[in-house]
Amino acid sequence: MKNCEYQQIDPRALSVSPLSAQNPAETKAQRPRRKWEAFPGKNRFFCDGRLILARQNGVLPLTLGLIVVTSGLFFAFDCPFLVEHLTVCIPVIGGLLFLFVVASLLRTSFTDPGILPRATAEEAADIERQIDTSGSSTYRPPPRTKEILINQQVVKLKYCFTCKMFRPPRTSHCSLCDNCVERFDHHCPWVGNCVGKRNYRYFYSFIISLSFLTSFIFGCVVTHITLRTQAGKSIVLAIQESPASVVELVICFFSIWSILGLSGFHTYLVASNLTTNEDIKGSWSSKRGAEESGNPYSYSNILTNCCVTLCGPMPPSLIDRRGFLAPDEGIPVASASEIELPPFTPKSEANMCTQSTKDVLERMLRSSDFHGLCPSGTPKTSPLVPEVPGAPPAAKPPVSSGCSRQLAHRAVVDPCPPFSKSIRRDSLHSINPAFRLASPSPTLSRSVLVVGDGPDVGFPPQH
Amino acid sequence: MKGFFPTSTDGNMATEFHNLQELRHSASLANKVFIQRDYSEGTTCRFQTKFPSELESRIERTLFEDTVKTLNNFYAEAEKIGGQSYLEGCLACATAYLIFLCMETRYEKVLKKIAKYIQEQNEKIYAPRGLLITDPIERGMRVIEISIYEDRGSSGSSSGSSSVSDSTAR
């Protein structure tokens with residue numbers, strides 16, 4: 001580990017020079033990667049990070065298939081008869097319900113449930129310092145808990161070894177997705193995602209609307225067969241005329257029991273502001289008959305509980321999926337040619353110190369150009385912590401992430417390309433304190449310099 | 001340089017920029033202080049207003065507390081449950097949540113205000129004292145990270161040996 005020696009920065013070297021001419025081969029070889037490509041959890045991403053799904057999503061196609069097939073059969077075989085004999089409202093209502101069900105399902109499946117980004121190295125080190133550990137000989141220290149008071153009730157916060165932080169209350173770590181999820185309800189295989197703070201309302205509307213849809217289809221099919229029977233035919237003949245109805249009946253019959261039961265259960269959870277996780281573990285049921293006073297999060301008013309859970313403000317996604325990562329080498333491409341230094345090698349600490357310091361200043365000078373493009377204030381996070389030395393460095397988001405997110409909202413495909421390429425940061429494994437701009441955004445608040453983290457911080461061995 | 005501190009007046013801009021340049025030229029990151037969440041009122045976003053000891057020599061207690069309290073108020077406003085949030089929620093439900101594709105939620109609007117506020121605080125109060133606040137949204141809303149800078153010239157940093165400054169890296 002070499003000591004980083006700060007060199008006097010030559011102001012002339014700080015002249016802003018155009019990026020385009022610099023090392024085009026390097027920039028071409030390194031396509032800027034988005035953060036979702038290096039996301040540590042077990043998730044799958046689609047549409048360039050806009051949609052997120054659990055890795056194990058095997059049953060989602062089945063769910064979709066069942067819904068689509070049943071509804072399709074309904075519209076194809078039952079609706080014509082019913083429109084003729086009853087009213088045209090039936091397929092209209094059925095169609096609306098179907099669309100709502102599918103929209104809710106897709107929303108539930110593809111929305112970030114409230115994943116908490118893993119703690120940065122400095123944060124984890126700070127937490128470590130605050131915990132009294134008797135020597136670091138054990139690889140895995142005993143489970144750490146912290147007790148806090150919530151509404152005058154003692155709640156234990158557990159330490160998450162994977163995410164290296166104390167889990168906020170109501171947060172749980174999903175082992176299937178390998179993420180800490182806020183207000184974790186459960187991992188639903190039918191939906192192919194965790195159900196947590198951000199997608200619970202979609203999940204709830206999905207099961208409620210699905211209950212209505214299955215009941216509606218069931219009712220209509222029964223009406224259909226009854227009407228056919230009433231015309232003087234036997235049931236067997238009626239069924240023979242419309243075989244699809246039997247299929248629908250069977251599917252709906254079995255679905256109704258489970259879906260209605262689930263809806264009822266979740267309605268109870270919503271009314272008492274509980275999660276499935278808490279209910280199963282019995283976290284607040286120690287006081288029998290006084291469960292609502294046992295739950296520190298409940299508002300002790302059913303209507304308020306419902307409104308808060310279902311109509312409350314929509315929190316933002318804390319993992320910045322579409323932000324840009326630094327390339328693996330983490331070397332500032334733009335600055336390499338401007339400093340008169342020996343040929344650049346990736347792990348040269350001395351180079352990185354001066355380059356990154358100079359890079360900081362350079363980026364700030366440049367940020368004035370950038371500010372015109374990208375409005376500040378887009379939520380961004382720095383989610384990654386390197387699990388293993390040598391793994392891709394954890395990077396802090398450049399402002400282009402904010403830009404790309406804003407632009408994505410405005411349906412512009414191309415994020416801020418020239419600037420993003422100029423944003424590089426040193427590998428986290430440059431052991432010496434090299435200056436790195438965490439997020440060289442126009443807002444000063446995001447211009448955090450990150451010091452190189454290495455074993456000298458006293459970081460516990462990473463698994 | 002132009003537009004680097006977009007919210008400052010022209011008169012202040014030069015001064016602030018100088019402060020920042022001097023900061024970068026002469027300062028090294030000495031330590032980071034993390035202000036943790038305060039869960040005493042539930043899971044709503046609040047940060048502890050306890051004044052960390054590392055900042056005692058750097059900034060006045062009242063200024064720090066003001067910043068944290070203002071941030072807490074912003075977050076309370078974002079997460080406030082009332083008429084407007086219910087309306088937003090019901091409207092979203094009625095449109096099968098498609099309305100979020102074109103509309104910005106109230107939370108996002110408040111987050112933008114927070115980002116502006118933090119930038120302003122950094123420019124006016126924290127950078128001149130060698131400190132820098134990171135927006136909590138970049139840390140998963142878990143902590144307010146305050147970076148402490150030390151003059152490169154002065155070897156004795158008040159933050160002590162636990163800092164990750166250059167002298168420890170060998």
# chains A, B, ... in the order shown; residues from 1 in each chain; ligands from 1
$ select_by_dssp --residues "range 62-124 of chain B" --states "helix (DSSP H, G or I)" --output "PyMOL selection string"
chain B and resi 62-78+83-94+98-101+106-124
$ residues_around --residues "Gln130 in chain A" --least-positions-apart "3" --cutoff "12 Å" --atoms "only C-alpha atoms" --output "JSON list (two decimals) with all heavy atoms, in the first residue's frame"
[["chain", "number", "residue", "atom", "x", "y", "z"],
["A", 123, "GLU", "N", -20.43, 3.80, 5.69],
["A", 123, "GLU", "CA", -21.56, 3.64, 6.61],
["A", 123, "GLU", "C", -21.41, 2.39, 7.44],
["A", 123, "GLU", "O", -21.61, 2.39, 8.65],
["A", 123, "GLU", "CB", -22.82, 3.52, 5.76],
["A", 123, "GLU", "CG", -23.98, 4.35, 6.20],
["A", 123, "GLU", "CD", -25.15, 4.10, 5.28],
["A", 123, "GLU", "OE1", -25.05, 4.39, 4.08],
["A", 123, "GLU", "OE2", -26.14, 3.57, 5.78],
["A", 124, "ALA", "N", -21.06, 1.30, 6.75],
["A", 124, "ALA", "CA", -20.91, 0.03, 7.46],
["A", 124, "ALA", "C", -19.80, 0.14, 8.49],
["A", 124, "ALA", "O", -19.92, -0.35, 9.62],
["A", 124, "ALA", "CB", -20.61, -1.08, 6.46],
["A", 125, "ALA", "N", -18.72, 0.81, 8.11],
["A", 125, "ALA", "CA", -17.61, 0.97, 9.05],
["A", 125, "ALA", "C", -18.04, 1.79, 10.25],
["A", 125, "ALA", "O", -17.66, 1.50, 11.39],
["A", 125, "ALA", "CB", -16.42, 1.64, 8.35],
["A", 126, "ASP", "N", -18.83, 2.81, 9.99],
["A", 126, "ASP", "CA", -19.32, 3.65, 11.08],
["A", 126, "ASP", "C", -20.18, 2.85, 12.04],
["A", 126, "ASP", "O", -20.09, 2.98, 13.26],
["A", 126, "ASP", "CB", -20.11, 4.83, 10.50],
["A", 126, "ASP", "CG", -20.48, 5.85, 11.55],
["A", 126, "ASP", "OD1", -19.56, 6.48, 12.11],
["A", 126, "ASP", "OD2", -21.68, 6.00, 11.81],
["A", 127, "ILE", "N", -21.03, 2.00, 11.48],
["A", 127, "ILE", "CA", -21.88, 1.16, 12.33],
["A", 127, "ILE", "C", -21.03, 0.20, 13.13],
["A", 127, "ILE", "O", -21.25, -0.04, 14.32],
["A", 127, "ILE", "CB", -22.91, 0.39, 11.48],
["A", 127, "ILE", "CG1", -23.90, 1.38, 10.86],
["A", 127, "ILE", "CG2", -23.65, -0.63, 12.31],
["A", 127, "ILE", "CD1", -24.87, 0.74, 9.91],
["A", 133, "THR", "N", -17.65, -4.71, 19.73],
["A", 133, "THR", "CA", -17.32, -6.10, 19.42],
["A", 133, "THR", "C", -16.05, -6.48, 20.15],
["A", 133, "THR", "O", -15.08, -5.73, 20.18],
["A", 133, "THR", "CB", -17.11, -6.30, 17.91],
["A", 133, "THR", "OG1", -16.24, -5.27, 17.44],
["A", 133, "THR", "CG2", -18.41, -6.22, 17.18],
["A", 144, "ARG", "N", -26.62, -9.10, 15.93],
["A", 144, "ARG", "CA", -26.64, -7.85, 16.63],
["A", 144, "ARG", "C", -28.03, -7.28, 16.60],
["A", 144, "ARG", "O", -28.69, -7.29, 15.56],
["A", 144, "ARG", "CB", -25.70, -6.87, 15.96],
["A", 144, "ARG", "CG", -24.30, -7.40, 15.85],
["A", 144, "ARG", "CD", -23.59, -6.68, 14.75],
["A", 144, "ARG", "NE", -22.20, -7.00, 14.73],
["A", 144, "ARG", "CZ", -21.36, -6.59, 13.79],
["A", 144, "ARG", "NH1", -21.81, -5.84, 12.82],
["A", 144, "ARG", "NH2", -20.10, -6.92, 13.83],
["A", 146, "LYS", "N", -30.55, -3.94, 18.06],
["A", 146, "LYS", "CA", -30.55, -2.60, 18.65],
["A", 146, "LYS", "C", -31.99, -2.37, 19.07],
["A", 146, "LYS", "O", -32.92, -2.62, 18.29],
["A", 146, "LYS", "CB", -30.13, -1.59, 17.58],
["A", 146, "LYS", "CG", -29.89, -0.21, 18.08],
["A", 146, "LYS", "CD", -29.09, 0.60, 17.06],
["A", 146, "LYS", "CE", -29.93, 1.18, 15.96],
["A", 146, "LYS", "NZ", -29.17, 2.18, 15.18],
["A", 165, "MET", "N", -26.26, -3.27, 7.56],
["A", 165, "MET", "CA", -26.88, -2.14, 8.23],
["A", 165, "MET", "C", -27.93, -2.69, 9.18],
["A", 165, "MET", "O", -28.34, -3.85, 9.07],
["A", 165, "MET", "CB", -27.56, -1.24, 7.20],
["A", 165, "MET", "CG", -28.61, -2.00, 6.42],
["A", 165, "MET", "SD", -29.45, -0.97, 5.28],
["A", 165, "MET", "CE", -30.58, -2.12, 4.59],
["A", 166, "PHE", "N", -28.34, -1.83, 10.09],
["A", 166, "PHE", "CA", -29.47, -2.20, 10.94],
["A", 166, "PHE", "C", -30.74, -1.99, 10.15],
["A", 166, "PHE", "O", -30.97, -0.91, 9.62],
["A", 166, "PHE", "CB", -29.48, -1.34, 12.21],
["A", 166, "PHE", "CG", -28.56, -1.84, 13.27],
["A", 166, "PHE", "CD1", -27.33, -1.25, 13.48],
["A", 166, "PHE", "CD2", -28.92, -2.94, 14.05],
["A", 166, "PHE", "CE1", -26.48, -1.73, 14.45],
["A", 166, "PHE", "CE2", -28.06, -3.43, 15.02],
["A", 166, "PHE", "CZ", -26.84, -2.82, 15.22],
["B", 33, "VAL", "N", -19.46, 11.78, 9.09],
["B", 33, "VAL", "CA", -20.36, 11.59, 10.21],
["B", 33, "VAL", "C", -21.71, 11.17, 9.65],
["B", 33, "VAL", "O", -22.16, 11.71, 8.64],
["B", 33, "VAL", "CB", -20.52, 12.91, 11.00],
["B", 33, "VAL", "CG1", -21.44, 12.70, 12.17],
["B", 33, "VAL", "CG2", -19.18, 13.42, 11.45],
["B", 34, "PHE", "N", -22.33, 10.20, 10.30],
["B", 34, "PHE", "CA", -23.61, 9.71, 9.80],
["B", 34, "PHE", "C", -24.69, 10.04, 10.82],
["B", 34, "PHE", "O", -24.64, 9.60, 11.96],
["B", 34, "PHE", "CB", -23.56, 8.21, 9.56],
["B", 34, "PHE", "CG", -22.60, 7.82, 8.47],
["B", 34, "PHE", "CD1", -21.31, 7.43, 8.78],
["B", 34, "PHE", "CD2", -22.99, 7.86, 7.15],
["B", 34, "PHE", "CE1", -20.43, 7.07, 7.78],
["B", 34, "PHE", "CE2", -22.10, 7.50, 6.14],
["B", 34, "PHE", "CZ", -20.83, 7.12, 6.46],
["B", 36, "GLN", "N", -28.18, 9.26, 12.00],
["B", 36, "GLN", "CA", -29.07, 8.13, 11.80],
["B", 36, "GLN", "C", -30.53, 8.54, 11.88],
["B", 36, "GLN", "O", -30.86, 9.66, 12.28],
["B", 36, "GLN", "CB", -28.78, 7.05, 12.87],
["B", 36, "GLN", "CG", -27.37, 6.52, 12.85],
["B", 36, "GLN", "CD", -27.12, 5.59, 11.68],
["B", 36, "GLN", "OE1", -28.05, 5.06, 11.08],
["B", 36, "GLN", "NE2", -25.86, 5.40, 11.34]]
$ closest_atom_pairs --of "range 77-159 of chain B" --to "range 188-211 of chain A" --cutoff "9 Å" --atoms "only C-alpha atoms" --output "tab-separated table"
residue	atom	partner	partner_atom	distance
B:Cys93	CA	A:Ser205	CA	8.2
B:Ala96	CA	A:Tyr202	CA	8.9
B:Tyr97	CA	A:Tyr202	CA	8.4
$ write_last_selection --atoms "all heavy atoms" --output "PDB file, in the first residue's frame"
ATOM      1  N   CYS B  93     -55.517   4.994  -8.238  1.00  0.00           N
ATOM      2  CA  CYS B  93     -56.188   3.699  -8.283  1.00  0.00           C
ATOM      3  C   CYS B  93     -57.221   3.667  -9.380  1.00  0.00           C
ATOM      4  O   CYS B  93     -57.343   2.690 -10.113  1.00  0.00           O
ATOM      5  CB  CYS B  93     -56.829   3.416  -6.923  1.00  0.00           C
ATOM      6  SG  CYS B  93     -57.631   1.823  -6.845  1.00  0.00           S
ATOM      7  N   ALA B  96     -55.981   2.949 -12.735  1.00  0.00           N
ATOM      8  CA  ALA B  96     -55.140   1.744 -12.744  1.00  0.00           C
ATOM      9  C   ALA B  96     -53.665   2.107 -12.648  1.00  0.00           C
ATOM     10  O   ALA B  96     -52.818   1.485 -13.268  1.00  0.00           O
ATOM     11  CB  ALA B  96     -55.415   0.894 -13.985  1.00  0.00           C
ATOM     12  N   TYR B  97     -53.382   3.163 -11.906  1.00  0.00           N
ATOM     13  CA  TYR B  97     -52.015   3.611 -11.630  1.00  0.00           C
ATOM     14  C   TYR B  97     -51.265   4.043 -12.872  1.00  0.00           C
ATOM     15  O   TYR B  97     -50.049   4.217 -12.842  1.00  0.00           O
ATOM     16  CB  TYR B  97     -51.219   2.537 -10.877  1.00  0.00           C
ATOM     17  CG  TYR B  97     -51.873   2.173  -9.580  1.00  0.00           C
ATOM     18  CD1 TYR B  97     -52.576   0.988  -9.443  1.00  0.00           C
ATOM     19  CD2 TYR B  97     -51.826   3.041  -8.493  1.00  0.00           C
ATOM     20  CE1 TYR B  97     -53.213   0.676  -8.256  1.00  0.00           C
ATOM     21  CE2 TYR B  97     -52.452   2.727  -7.305  1.00  0.00           C
ATOM     22  CZ  TYR B  97     -53.152   1.543  -7.195  1.00  0.00           C
ATOM     23  OH  TYR B  97     -53.778   1.236  -6.025  1.00  0.00           O
TER      24      TYR B  97
END
$ closest_residue --among "A:Phe218, A:Tyr297, A:Phe46, A:Phe161" --to "Ser245 in chain A" --atoms "only C-alpha atoms"
A:Phe218
$ select_by_dssp --residues "range 27-203 of chain A" --states "strand (DSSP E)" --output "short mmCIF file (atom, residue, chain, number, x, y, z; two decimals) with N, CA, C and O atoms, in the first residue's frame"
data_model
loop_
_atom_site.label_atom_id
_atom_site.label_comp_id
_atom_site.auth_asym_id
_atom_site.auth_seq_id
_atom_site.Cartn_x
_atom_site.Cartn_y
_atom_site.Cartn_z
N ASN A 43 -32.17 -10.21 -8.69
CA ASN A 43 -33.31 -9.66 -9.43
C ASN A 43 -33.01 -9.67 -10.91
O ASN A 43 -31.86 -9.70 -11.33
N ARG A 44 -34.08 -9.63 -11.66
CA ARG A 44 -33.93 -9.49 -13.10
C ARG A 44 -34.47 -8.15 -13.53
O ARG A 44 -35.46 -7.68 -12.97
N PHE A 45 -33.86 -7.58 -14.53
CA PHE A 45 -34.28 -6.26 -14.98
C PHE A 45 -34.64 -6.30 -16.45
O PHE A 45 -34.03 -7.02 -17.23
N PHE A 46 -35.65 -5.54 -16.79
CA PHE A 46 -36.06 -5.47 -18.19
C PHE A 46 -36.15 -4.01 -18.60
O PHE A 46 -36.22 -3.12 -17.77
N LEU A 51 -37.94 -2.01 -15.46
CA LEU A 51 -38.79 -3.00 -14.81
C LEU A 51 -37.92 -3.95 -14.01
O LEU A 51 -36.84 -4.33 -14.44
N ILE A 52 -38.42 -4.32 -12.83
CA ILE A 52 -37.64 -5.20 -11.96
C ILE A 52 -38.50 -6.39 -11.58
O ILE A 52 -39.70 -6.26 -11.37
N LEU A 53 -37.87 -7.51 -11.50
CA LEU A 53 -38.57 -8.75 -11.19
C LEU A 53 -37.64 -9.60 -10.35
O LEU A 53 -36.43 -9.44 -10.41
N ALA A 54 -38.21 -10.52 -9.58
CA ALA A 54 -37.35 -11.43 -8.85
C ALA A 54 -36.74 -12.43 -9.81
O ALA A 54 -37.28 -12.70 -10.88
N ILE A 115 -36.95 -1.89 -2.11
CA ILE A 115 -35.65 -2.49 -1.81
C ILE A 115 -34.75 -1.42 -1.22
O ILE A 115 -34.65 -0.31 -1.74
N LEU A 116 -34.09 -1.76 -0.14
CA LEU A 116 -33.13 -0.85 0.46
C LEU A 116 -31.76 -1.11 -0.13
O LEU A 116 -31.31 -2.25 -0.17
N THR A 145 -28.49 -6.78 17.70
CA THR A 145 -29.80 -6.13 17.73
C THR A 145 -29.65 -4.78 18.41
O THR A 145 -28.74 -4.55 19.20
N LYS A 146 -30.55 -3.94 18.06
CA LYS A 146 -30.55 -2.60 18.65
C LYS A 146 -31.99 -2.37 19.07
O LYS A 146 -32.92 -2.62 18.29
N GLU A 147 -32.18 -1.88 20.27
CA GLU A 147 -33.55 -1.65 20.72
C GLU A 147 -33.87 -0.18 20.64
O GLU A 147 -33.09 0.66 21.07
N ILE A 148 -35.00 0.10 20.07
CA ILE A 148 -35.43 1.49 19.98
C ILE A 148 -36.87 1.59 20.46
O ILE A 148 -37.55 0.58 20.60
N LEU A 149 -37.26 2.80 20.70
CA LEU A 149 -38.63 3.04 21.16
C LEU A 149 -39.44 3.61 20.01
O LEU A 149 -39.07 4.63 19.43
N ILE A 150 -40.51 2.94 19.71
CA ILE A 150 -41.42 3.49 18.71
C ILE A 150 -42.75 3.68 19.39
O ILE A 150 -43.36 2.71 19.84
N GLN A 153 -43.07 2.05 22.57
CA GLN A 153 -42.99 0.59 22.62
C GLN A 153 -41.61 0.15 22.17
O GLN A 153 -41.06 0.69 21.21
N VAL A 154 -41.07 -0.87 22.85
CA VAL A 154 -39.72 -1.32 22.52
C VAL A 154 -39.77 -2.20 21.28
O VAL A 154 -40.54 -3.17 21.20
N VAL A 155 -38.96 -1.85 20.31
CA VAL A 155 -38.87 -2.63 19.08
C VAL A 155 -37.41 -2.97 18.86
O VAL A 155 -36.54 -2.12 19.05
N LYS A 156 -37.17 -4.21 18.47
CA LYS A 156 -35.78 -4.62 18.25
C LYS A 156 -35.45 -4.50 16.78
O LYS A 156 -36.15 -5.02 15.92
N LEU A 157 -34.34 -3.83 16.50
CA LEU A 157 -33.88 -3.77 15.12
C LEU A 157 -32.76 -4.77 14.96
O LEU A 157 -31.85 -4.83 15.78
N LYS A 158 -32.84 -5.53 13.87
CA LYS A 158 -31.79 -6.52 13.66
C LYS A 158 -30.76 -6.01 12.68
O LYS A 158 -31.06 -5.25 11.77
N TYR A 159 -29.55 -6.52 12.84
CA TYR A 159 -28.50 -6.15 11.91
C TYR A 159 -28.51 -7.13 10.74
O TYR A 159 -28.55 -8.33 10.94
N CYS A 160 -28.47 -6.59 9.54
CA CYS A 160 -28.47 -7.45 8.37
C CYS A 160 -27.04 -7.63 7.90
O CYS A 160 -26.37 -6.67 7.53
N MET A 165 -26.26 -3.27 7.56
CA MET A 165 -26.88 -2.14 8.23
C MET A 165 -27.93 -2.69 9.18
O MET A 165 -28.34 -3.85 9.07
N PHE A 166 -28.34 -1.83 10.09
CA PHE A 166 -29.47 -2.20 10.94
C PHE A 166 -30.74 -1.99 10.15
O PHE A 166 -30.97 -0.91 9.62
N SER A 172 -37.52 -6.37 6.22
CA SER A 172 -37.07 -7.74 6.34
C SER A 172 -36.23 -8.10 5.13
O SER A 172 -36.39 -7.51 4.06
N HIS A 173 -35.36 -9.05 5.33
CA HIS A 173 -34.49 -9.46 4.23
C HIS A 173 -35.11 -10.66 3.54
O HIS A 173 -35.38 -11.67 4.17
N CYS A 174 -35.34 -10.52 2.26
CA CYS A 174 -35.93 -11.62 1.49
C CYS A 174 -34.80 -12.51 1.01
O CYS A 174 -33.93 -12.07 0.24
N ASN A 179 -32.46 -9.27 -0.83
CA ASN A 179 -32.57 -7.81 -0.64
C ASN A 179 -33.29 -7.55 0.66
O ASN A 179 -34.15 -8.33 1.07
N CYS A 180 -32.97 -6.43 1.27
CA CYS A 180 -33.79 -5.95 2.38
C CYS A 180 -34.92 -5.14 1.76
O CYS A 180 -34.68 -4.25 0.94
N VAL A 181 -36.14 -5.45 2.14
CA VAL A 181 -37.30 -4.78 1.57
C VAL A 181 -38.04 -4.07 2.69
O VAL A 181 -38.30 -4.66 3.74
N HIS A 186 -44.50 -10.25 2.01
CA HIS A 186 -44.11 -11.62 1.71
C HIS A 186 -43.55 -11.65 0.31
O HIS A 186 -43.68 -10.69 -0.45
N HIS A 187 -42.94 -12.77 -0.03
CA HIS A 187 -42.49 -12.95 -1.40
C HIS A 187 -43.53 -13.78 -2.11
O HIS A 187 -43.80 -14.91 -1.72
N CYS A 188 -44.16 -13.22 -3.08
CA CYS A 188 -45.27 -13.90 -3.74
C CYS A 188 -44.79 -14.58 -5.02
O CYS A 188 -44.42 -13.89 -5.97
N ASN A 193 -42.47 -11.55 -7.41
CA ASN A 193 -41.75 -10.43 -6.82
C ASN A 193 -42.05 -10.40 -5.33
O ASN A 193 -42.99 -11.04 -4.86
N CYS A 194 -41.27 -9.65 -4.59
CA CYS A 194 -41.61 -9.41 -3.19
C CYS A 194 -42.76 -8.42 -3.14
O CYS A 194 -42.93 -7.60 -4.04
N VAL A 195 -43.54 -8.50 -2.08
CA VAL A 195 -44.57 -7.50 -1.87
C VAL A 195 -44.10 -6.67 -0.67
O VAL A 195 -43.92 -7.20 0.43
#
$ residues_around --residues "Leu274 in chain A" --least-positions-apart "4" --cutoff "8 Å" --atoms "only C-alpha atoms" --output "number ranges by chain"
A: 269-270, 278-279, 295, 298
$ closest_residue --among "A:Phe100, A:Phe324, A:Phe184, A:Phe75" --to "Val221 in chain A" --atoms "only C-alpha atoms"
A:Phe75
$ closest_residue --among "B:Tyr75, B:Phe51, B:Tyr126, B:Tyr107" --to "chain A" --atoms "only C-alpha atoms"
B:Tyr107
$ residues_around --residues "Ile118 in chain B" --least-positions-apart "3" --cutoff "8 Å" --atoms "only C-alpha atoms" --output "PyMOL selection string"
(chain A and resi 445) or (chain B and resi 114-115+121-122+133-135)
$ write_last_selection --atoms "N, CA and C atoms" --output "PDB file, in the first residue's frame"
ATOM      1  N   SER A 445     -24.601  19.440  -3.068  1.00  0.00           N
ATOM      2  CA  SER A 445     -24.816  18.439  -2.039  1.00  0.00           C
ATOM      3  C   SER A 445     -24.380  17.074  -2.479  1.00  0.00           C
TER       4      SER A 445
ATOM      5  N   ILE B 114     -36.060  19.345  -1.384  1.00  0.00           N
ATOM      6  CA  ILE B 114     -35.034  18.969  -0.414  1.00  0.00           C
ATOM      7  C   ILE B 114     -33.654  19.084  -1.033  1.00  0.00           C
ATOM      8  N   ALA B 115     -33.546  18.629  -2.276  1.00  0.00           N
ATOM      9  CA  ALA B 115     -32.240  18.682  -2.931  1.00  0.00           C
ATOM     10  C   ALA B 115     -31.769  20.131  -3.063  1.00  0.00           C
ATOM     11  N   GLN B 121     -27.829  24.991   1.585  1.00  0.00           N
ATOM     12  CA  GLN B 121     -27.174  24.893   2.882  1.00  0.00           C
ATOM     13  C   GLN B 121     -25.683  24.622   2.719  1.00  0.00           C
ATOM     14  N   ASN B 122     -25.377  23.759   1.770  1.00  0.00           N
ATOM     15  CA  ASN B 122     -23.966  23.458   1.550  1.00  0.00           C
ATOM     16  C   ASN B 122     -23.206  24.703   1.133  1.00  0.00           C
ATOM     17  N   ILE B 133     -22.817  18.154   3.042  1.00  0.00           N
ATOM     18  CA  ILE B 133     -23.934  17.243   3.343  1.00  0.00           C
ATOM     19  C   ILE B 133     -24.302  16.471   2.081  1.00  0.00           C
ATOM     20  N   THR B 134     -24.527  15.189   2.252  1.00  0.00           N
ATOM     21  CA  THR B 134     -25.032  14.374   1.144  1.00  0.00           C
ATOM     22  C   THR B 134     -26.525  14.184   1.315  1.00  0.00           C
ATOM     23  N   ASP B 135     -27.234  14.327   0.222  1.00  0.00           N
ATOM     24  CA  ASP B 135     -28.683  14.126   0.245  1.00  0.00           C
ATOM     25  C   ASP B 135     -28.999  12.704   0.725  1.00  0.00           C
TER      26      ASP B 135
END
$ atom_distance --atom1 "CA of Lys42 in chain A" --atom2 "CA of Ile259 in chain A"
27.8 Å
$ residues_around --residues "Leu131 in chain B" --least-positions-apart "3" --cutoff "9 Å" --atoms "only C-alpha atoms" --output "VMD selection string"
chain B and resid 58 to 59 122 125 to 128 146 to 149
$ residues_around --residues "Lys80 in chain B" --least-positions-apart "3" --cutoff "12 Å" --atoms "only C-alpha atoms" --output "ChimeraX atom specification"
/A:307-308,311-315 /B:44-45,72-77,83-86,106-107,110
$ residues_around --residues "Ala271 in chain A" --least-positions-apart "3" --cutoff "9 Å" --atoms "only C-alpha atoms" --output "list in words"
His266, Thr267, Tyr268, Leu274, Ser298, Asn301, Ile302, Leu303, Thr304, Asn305, Cys306, Cys307 and Thr309 of chain A
$ atom_distance --atom1 "CA of Leu99 in chain A" --atom2 "CA of Leu227 in chain A"
27.2 Å
$ closest_residue --among "B:Thr70, B:Ser28, B:Ser57, B:Thr43" --to "Tyr117 in chain B" --atoms "only C-alpha atoms"
B:Thr70
